[in-house]
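Listing of model30.pdb; format and content: PDB, N, CA and C atoms.
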ATOM      1  N   MET A 268      21.665  -9.330 -14.292  1.00  0.00           N
ATOM      2  CA  MET A 268      22.478  -9.789 -13.184  1.00  0.00           C
ATOM      3  C   MET A 268      21.999  -9.187 -11.867  1.00  0.00           C
ATOM      4  N   LEU A 269      21.666  -7.904 -11.907  1.00  0.00           N
ATOM      5  CA  LEU A 269      21.169  -7.247 -10.696  1.00  0.00           C
ATOM      6  C   LEU A 269      19.848  -7.873 -10.249  1.00  0.00           C
ATOM      7  N   PHE A 270      19.009  -8.246 -11.230  1.00  0.00           N
ATOM      8  CA  PHE A 270      17.745  -8.904 -10.888  1.00  0.00           C
ATOM      9  C   PHE A 270      17.999 -10.232 -10.176  1.00  0.00           C
ATOM     10  N   LEU A 271      18.983 -10.981 -10.644  1.00  0.00           N
ATOM     11  CA  LEU A 271      19.310 -12.267 -10.028  1.00  0.00           C
ATOM     12  C   LEU A 271      19.785 -12.080  -8.591  1.00  0.00           C
ATOM     13  N   VAL A 272      20.621 -11.085  -8.362  1.00  0.00           N
ATOM     14  CA  VAL A 272      21.102 -10.813  -7.009  1.00  0.00           C
ATOM     15  C   VAL A 272      19.948 -10.420  -6.101  1.00  0.00           C
ATOM     16  N   ALA A 273      19.063  -9.560  -6.591  1.00  0.00           N
ATOM     17  CA  ALA A 273      17.904  -9.145  -5.787  1.00  0.00           C
ATOM     18  C   ALA A 273      16.991 -10.334  -5.493  1.00  0.00           C
ATOM     19  N   ALA A 274      16.780 -11.193  -6.481  1.00  0.00           N
ATOM     20  CA  ALA A 274      15.931 -12.362  -6.275  1.00  0.00           C
ATOM     21  C   ALA A 274      16.535 -13.307  -5.242  1.00  0.00           C
ATOM     22  N   LEU A 275      17.839 -13.511  -5.302  1.00  0.00           N
ATOM     23  CA  LEU A 275      18.488 -14.396  -4.330  1.00  0.00           C
ATOM     24  C   LEU A 275      18.452 -13.806  -2.920  1.00  0.00           C
ATOM     25  N   LEU A 276      18.608 -12.491  -2.802  1.00  0.00           N
ATOM     26  CA  LEU A 276      18.505 -11.858  -1.488  1.00  0.00           C
ATOM     27  C   LEU A 276      17.100 -12.008  -0.915  1.00  0.00           C
ATOM     28  N   LEU A 277      16.097 -11.793  -1.749  1.00  0.00           N
ATOM     29  CA  LEU A 277      14.719 -11.949  -1.297  1.00  0.00           C
ATOM     30  C   LEU A 277      14.425 -13.389  -0.918  1.00  0.00           C
ATOM     31  N   PHE A 278      14.915 -14.324  -1.726  1.00  0.00           N
ATOM     32  CA  PHE A 278      14.720 -15.747  -1.444  1.00  0.00           C
ATOM     33  C   PHE A 278      15.369 -16.125  -0.109  1.00  0.00           C
ATOM     34  N   GLY A 279      16.563 -15.615   0.135  1.00  0.00           N
ATOM     35  CA  GLY A 279      17.238 -15.887   1.399  1.00  0.00           C
ATOM     36  C   GLY A 279      16.488 -15.311   2.587  1.00  0.00           C
ATOM     37  N   ALA A 280      15.938 -14.131   2.423  1.00  0.00           N
ATOM     38  CA  ALA A 280      15.164 -13.519   3.513  1.00  0.00           C
ATOM     39  C   ALA A 280      13.909 -14.332   3.803  1.00  0.00           C
ATOM     40  N   LEU A 281      13.254 -14.815   2.751  1.00  0.00           N
ATOM     41  CA  LEU A 281      12.051 -15.618   2.952  1.00  0.00           C
ATOM     42  C   LEU A 281      12.370 -16.954   3.610  1.00  0.00           C
ATOM     43  N   LEU A 282      13.459 -17.586   3.199  1.00  0.00           N
ATOM     44  CA  LEU A 282      13.843 -18.850   3.821  1.00  0.00           C
ATOM     45  C   LEU A 282      14.218 -18.646   5.283  1.00  0.00           C
ATOM     46  N   GLY A 283      14.860 -17.539   5.584  1.00  0.00           N
ATOM     47  CA  GLY A 283      15.189 -17.248   6.972  1.00  0.00           C
ATOM     48  C   GLY A 283      13.936 -17.052   7.810  1.00  0.00           C
ATOM     49  N   THR A 284      12.936 -16.411   7.227  1.00  0.00           N
ATOM     50  CA  THR A 284      11.667 -16.202   7.930  1.00  0.00           C
ATOM     51  C   THR A 284      10.957 -17.523   8.164  1.00  0.00           C
ATOM     52  N   VAL A 285      10.937 -18.375   7.152  1.00  0.00           N
ATOM     53  CA  VAL A 285      10.259 -19.669   7.284  1.00  0.00           C
ATOM     54  C   VAL A 285      10.955 -20.543   8.322  1.00  0.00           C
ATOM     55  N   ALA A 286      12.263 -20.441   8.425  1.00  0.00           N
ATOM     56  CA  ALA A 286      12.998 -21.251   9.391  1.00  0.00           C
ATOM     57  C   ALA A 286      12.595 -20.918  10.827  1.00  0.00           C
ATOM     58  N   HIS A 287      12.157 -19.681  11.066  1.00  0.00           N
ATOM     59  CA  HIS A 287      11.776 -19.281  12.414  1.00  0.00           C
ATOM     60  C   HIS A 287      10.271 -19.298  12.639  1.00  0.00           C
ATOM     61  N   ALA A 288       9.499 -19.593  11.605  1.00  0.00           N
ATOM     62  CA  ALA A 288       8.040 -19.636  11.741  1.00  0.00           C
ATOM     63  C   ALA A 288       7.630 -20.997  12.299  1.00  0.00           C
ATOM     64  N   PRO A 289       6.481 -21.054  12.963  1.00  0.00           N
ATOM     65  CA  PRO A 289       5.980 -22.353  13.429  1.00  0.00           C
ATOM     66  C   PRO A 289       5.704 -23.295  12.252  1.00  0.00           C
ATOM     67  N   PHE A 290       5.842 -24.587  12.495  1.00  0.00           N
ATOM     68  CA  PHE A 290       5.690 -25.574  11.428  1.00  0.00           C
ATOM     69  C   PHE A 290       4.279 -25.546  10.840  1.00  0.00           C
ATOM     70  N   ALA A 291       3.256 -25.368  11.673  1.00  0.00           N
ATOM     71  CA  ALA A 291       1.874 -25.337  11.176  1.00  0.00           C
ATOM     72  C   ALA A 291       1.677 -24.149  10.235  1.00  0.00           C
ATOM     73  N   PHE A 292       2.223 -23.003  10.576  1.00  0.00           N
ATOM     74  CA  PHE A 292       2.116 -21.830   9.710  1.00  0.00           C
ATOM     75  C   PHE A 292       2.800 -22.077   8.373  1.00  0.00           C
ATOM     76  N   THR A 293       3.962 -22.729   8.414  1.00  0.00           N
ATOM     77  CA  THR A 293       4.690 -23.030   7.191  1.00  0.00           C
ATOM     78  C   THR A 293       3.874 -23.953   6.292  1.00  0.00           C
ATOM     79  N   LEU A 294       3.219 -24.953   6.876  1.00  0.00           N
ATOM     80  CA  LEU A 294       2.388 -25.868   6.082  1.00  0.00           C
ATOM     81  C   LEU A 294       1.192 -25.153   5.464  1.00  0.00           C
ATOM     82  N   VAL A 295       0.551 -24.283   6.228  1.00  0.00           N
ATOM     83  CA  VAL A 295      -0.596 -23.546   5.707  1.00  0.00           C
ATOM     84  C   VAL A 295      -0.156 -22.611   4.583  1.00  0.00           C
ATOM     85  N   ALA A 296       0.937 -21.916   4.777  1.00  0.00           N
ATOM     86  CA  ALA A 296       1.439 -21.018   3.740  1.00  0.00           C
ATOM     87  C   ALA A 296       1.813 -21.798   2.483  1.00  0.00           C
ATOM     88  N   ALA A 297       2.441 -22.949   2.639  1.00  0.00           N
ATOM     89  CA  ALA A 297       2.812 -23.776   1.488  1.00  0.00           C
ATOM     90  C   ALA A 297       1.569 -24.261   0.745  1.00  0.00           C
ATOM     91  N   ALA A 298       0.526 -24.628   1.482  1.00  0.00           N
ATOM     92  CA  ALA A 298      -0.711 -25.082   0.841  1.00  0.00           C
ATOM     93  C   ALA A 298      -1.384 -23.949   0.074  1.00  0.00           C
ATOM     94  N   VAL A 299      -1.390 -22.756   0.634  1.00  0.00           N
ATOM     95  CA  VAL A 299      -1.986 -21.598  -0.044  1.00  0.00           C
ATOM     96  C   VAL A 299      -1.215 -21.275  -1.326  1.00  0.00           C
ATOM     97  N   ILE A 300       0.098 -21.291  -1.248  1.00  0.00           N
ATOM     98  CA  ILE A 300       0.912 -20.994  -2.421  1.00  0.00           C
ATOM     99  C   ILE A 300       0.719 -22.073  -3.487  1.00  0.00           C
ATOM    100  N   ALA A 301       0.683 -23.340  -3.078  1.00  0.00           N
ATOM    101  CA  ALA A 301       0.480 -24.434  -4.032  1.00  0.00           C
ATOM    102  C   ALA A 301      -0.884 -24.318  -4.712  1.00  0.00           C
ATOM    103  N   ALA A 302      -1.917 -23.982  -3.953  1.00  0.00           N
ATOM    104  CA  ALA A 302      -3.247 -23.816  -4.541  1.00  0.00           C
ATOM    105  C   ALA A 302      -3.257 -22.645  -5.526  1.00  0.00           C
ATOM    106  N   TRP A 303      -2.614 -21.554  -5.154  1.00  0.00           N
ATOM    107  CA  TRP A 303      -2.546 -20.379  -6.027  1.00  0.00           C
ATOM    108  C   TRP A 303      -1.838 -20.722  -7.335  1.00  0.00           C
ATOM    109  N   LEU A 304      -0.709 -21.428  -7.241  1.00  0.00           N
ATOM    110  CA  LEU A 304       0.015 -21.812  -8.448  1.00  0.00           C
ATOM    111  C   LEU A 304      -0.785 -22.804  -9.292  1.00  0.00           C
ATOM    112  N   GLY A 305      -1.501 -23.711  -8.641  1.00  0.00           N
ATOM    113  CA  GLY A 305      -2.332 -24.670  -9.370  1.00  0.00           C
ATOM    114  C   GLY A 305      -3.458 -23.985 -10.124  1.00  0.00           C
ATOM    115  N   ILE A 306      -4.124 -23.047  -9.475  1.00  0.00           N
ATOM    116  CA  ILE A 306      -5.202 -22.302 -10.132  1.00  0.00           C
ATOM    117  C   ILE A 306      -4.650 -21.486 -11.294  1.00  0.00           C
ATOM    118  N   PHE A 307      -3.489 -20.865 -11.088  1.00  0.00           N
ATOM    119  CA  PHE A 307      -2.866 -20.093 -12.154  1.00  0.00           C
ATOM    120  C   PHE A 307      -2.533 -20.987 -13.346  1.00  0.00           C
ATOM    121  N   ALA A 308      -1.985 -22.167 -13.086  1.00  0.00           N
ATOM    122  CA  ALA A 308      -1.628 -23.092 -14.166  1.00  0.00           C
ATOM    123  C   ALA A 308      -2.866 -23.542 -14.935  1.00  0.00           C
ATOM    124  N   LEU A 309      -3.940 -23.836 -14.214  1.00  0.00           N
ATOM    125  CA  LEU A 309      -5.178 -24.255 -14.885  1.00  0.00           C
ATOM    126  C   LEU A 309      -5.754 -23.126 -15.729  1.00  0.00           C
ATOM    127  N   ARG A 310      -5.726 -21.908 -15.212  1.00  0.00           N
ATOM    128  CA  ARG A 310      -6.242 -20.773 -15.985  1.00  0.00           C
ATOM    129  C   ARG A 310      -5.398 -20.525 -17.226  1.00  0.00           C
ATOM    130  N   GLU A 311      -4.077 -20.653 -17.092  1.00  0.00           N
ATOM    131  CA  GLU A 311      -3.201 -20.463 -18.243  1.00  0.00           C
ATOM    132  C   GLU A 311      -3.452 -21.543 -19.298  1.00  0.00           C
ATOM    133  N   ARG A 312      -3.586 -22.782 -18.863  1.00  0.00           N
ATOM    134  CA  ARG A 312      -3.817 -23.874 -19.805  1.00  0.00           C
ATOM    135  C   ARG A 312      -5.167 -23.705 -20.499  1.00  0.00           C
ATOM    136  N   HIS A 313      -6.186 -23.354 -19.716  1.00  0.00           N
ATOM    137  CA  HIS A 313      -7.523 -23.170 -20.292  1.00  0.00           C
ATOM    138  C   HIS A 313      -7.543 -21.982 -21.229  1.00  0.00           C
ATOM    139  N   GLY A 314      -6.874 -20.899 -20.877  1.00  0.00           N
ATOM    140  CA  GLY A 314      -6.852 -19.702 -21.722  1.00  0.00           C
ATOM    141  C   GLY A 314      -6.141 -19.926 -23.027  1.00  0.00           C
ATOM    142  N   ARG A 315      -5.122 -20.714 -23.049  1.00  0.00           N
ATOM    143  CA  ARG A 315      -4.392 -20.976 -24.288  1.00  0.00           C
ATOM    144  C   ARG A 315      -5.167 -21.904 -25.221  1.00  0.00           C
ATOM    145  N   ARG A 316      -6.007 -22.757 -24.683  1.00  0.00           N
ATOM    146  CA  ARG A 316      -6.786 -23.662 -25.524  1.00  0.00           C
ATOM    147  C   ARG A 316      -7.918 -22.938 -26.254  1.00  0.00           C
ATOM    148  N   THR A 317      -8.507 -21.939 -25.598  1.00  0.00           N
ATOM    149  CA  THR A 317      -9.659 -21.274 -26.194  1.00  0.00           C
ATOM    150  C   THR A 317      -9.260 -20.264 -27.251  1.00  0.00           C
ATOM    151  N   HIS A 318      -8.028 -19.766 -27.214  1.00  0.00           N
ATOM    152  CA  HIS A 318      -7.630 -18.742 -28.200  1.00  0.00           C
ATOM    153  C   HIS A 318      -7.058 -19.378 -29.409  1.00  0.00           C
TER
END
Structure rendered as C-alpha cells:
Amino acid sequence: MLFLVAALLLFGALLGTVAHAPFAFTLVAAAVIAAWLGIFALRERHGRRTH
C-alpha cells in the first residue's frame, strides 16, 4: 500500500512537471521513453525465445 501511495505521488509530480514543460520537450521526452520501452520489449521477447 505504501508503494502505491509513493508511486501515485511520483506520478502526480511528473504530470505536474510535464504540464509546465514546453510542448516540444514533452514530445521529445515521450519519444525517448517510447523508444526505450520498445527496445526493452524486443530484448525481453528475444531473450525468452533463445532460452
Calculate how many Å separate atom C of Ala274 (chain A) from CA of Arg312 (chain A), rounding to one decimal.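 Atom C of Ala274 (chain A) sits 27.2 Å away from CA of Arg312 (chain A).
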Length of the CA of Leu281 (chain A) to CA of Thr293 (chain A) vector [Å]: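 We find that CA of Leu281 (chain A) and CA of Thr293 (chain A) lie 11.3 Å from each other.
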Could you work out how far CA of Gly283 (chain A) lies from CA of Val295 (chain A), giving the answer in Å with one decimal?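 Rounded to one decimal, the two atoms are 17.0 Å apart.
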Around all of region 291-308 of chain A's listed atoms, make the axis-aligned box with 4 Å on each side and tell me centre and edge lengths in Å to one decimal, as JSON.
{"center_x": -0.3, "center_y": -23.0, "center_z": -1.6, "size_x": 17.9, "size_y": 13.8, "size_z": 34.6}
Coords for chain A, C-alpha atoms, as a PDB file, in the first residue's frame:
ATOM      1  CA  MET A 268       0.000   0.000   0.000  1.00  0.00           C
ATOM      2  CA  LEU A 269       2.825   2.381   0.842  1.00  0.00           C
ATOM      3  CA  PHE A 270       4.416   1.601  -2.529  1.00  0.00           C
ATOM      4  CA  LEU A 271       1.169   2.524  -4.289  1.00  0.00           C
ATOM      5  CA  VAL A 272       0.959   5.843  -2.451  1.00  0.00           C
ATOM      6  CA  ALA A 273       4.586   6.651  -3.285  1.00  0.00           C
ATOM      7  CA  ALA A 274       4.049   5.720  -6.936  1.00  0.00           C
ATOM      8  CA  LEU A 275       0.964   7.928  -7.195  1.00  0.00           C
ATOM      9  CA  LEU A 276       2.792  10.857  -5.585  1.00  0.00           C
ATOM     10  CA  LEU A 277       5.679  10.475  -8.012  1.00  0.00           C
ATOM     11  CA  PHE A 278       3.281  10.149 -10.943  1.00  0.00           C
ATOM     12  CA  GLY A 279       1.493  13.327  -9.872  1.00  0.00           C
ATOM     13  CA  ALA A 280       4.768  15.217  -9.587  1.00  0.00           C
ATOM     14  CA  LEU A 281       5.808  14.097 -13.062  1.00  0.00           C
ATOM     15  CA  LEU A 282       2.469  15.070 -14.582  1.00  0.00           C
ATOM     16  CA  GLY A 283       2.709  18.460 -12.921  1.00  0.00           C
ATOM     17  CA  THR A 284       6.173  18.928 -14.403  1.00  0.00           C
ATOM     18  CA  VAL A 285       5.028  17.915 -17.879  1.00  0.00           C
ATOM     19  CA  ALA A 286       2.100  20.331 -17.697  1.00  0.00           C
ATOM     20  CA  HIS A 287       4.545  23.226 -17.314  1.00  0.00           C
ATOM     21  CA  ALA A 288       7.153  21.986 -19.803  1.00  0.00           C
ATOM     22  CA  PRO A 289       7.187  23.215 -23.403  1.00  0.00           C
ATOM     23  CA  PHE A 290       5.214  21.042 -25.822  1.00  0.00           C
ATOM     24  CA  ALA A 291       8.293  20.234 -27.956  1.00  0.00           C
ATOM     25  CA  PHE A 292      10.180  18.989 -24.891  1.00  0.00           C
ATOM     26  CA  THR A 293       7.216  16.829 -23.908  1.00  0.00           C
ATOM     27  CA  LEU A 294       7.118  15.255 -27.386  1.00  0.00           C
ATOM     28  CA  VAL A 295      10.851  14.548 -27.371  1.00  0.00           C
ATOM     29  CA  ALA A 296      10.693  13.030 -23.896  1.00  0.00           C
ATOM     30  CA  ALA A 297       7.703  10.881 -24.899  1.00  0.00           C
ATOM     31  CA  ALA A 298       9.551   9.651 -27.999  1.00  0.00           C
ATOM     32  CA  VAL A 299      12.649   8.752 -25.963  1.00  0.00           C
ATOM     33  CA  ILE A 300      10.579   6.868 -23.397  1.00  0.00           C
ATOM     34  CA  ALA A 301       8.613   5.048 -26.125  1.00  0.00           C
ATOM     35  CA  ALA A 302      11.840   4.017 -27.874  1.00  0.00           C
ATOM     36  CA  TRP A 303      13.326   2.818 -24.578  1.00  0.00           C
ATOM     37  CA  LEU A 304      10.235   0.742 -23.797  1.00  0.00           C
ATOM     38  CA  GLY A 305      10.175  -0.655 -27.343  1.00  0.00           C
ATOM     39  CA  ILE A 306      13.815  -1.726 -27.172  1.00  0.00           C
ATOM     40  CA  PHE A 307      13.219  -3.268 -23.752  1.00  0.00           C
ATOM     41  CA  ALA A 308      10.204  -5.212 -25.055  1.00  0.00           C
ATOM     42  CA  LEU A 309      12.156  -6.509 -28.052  1.00  0.00           C
ATOM     43  CA  ARG A 310      15.069  -7.589 -25.859  1.00  0.00           C
ATOM     44  CA  GLU A 311      12.715  -9.349 -23.449  1.00  0.00           C
ATOM     45  CA  ARG A 312      10.914 -11.146 -26.275  1.00  0.00           C
ATOM     46  CA  HIS A 313      14.180 -12.149 -27.947  1.00  0.00           C
ATOM     47  CA  GLY A 314      15.714 -13.296 -24.653  1.00  0.00           C
ATOM     48  CA  ARG A 315      12.788 -15.522 -23.791  1.00  0.00           C
ATOM     49  CA  ARG A 316      12.845 -17.228 -27.191  1.00  0.00           C
ATOM     50  CA  THR A 317      16.508 -18.207 -27.018  1.00  0.00           C
ATOM     51  CA  HIS A 318      16.355 -19.764 -23.539  1.00  0.00           C
TER      52      HIS A 318
END
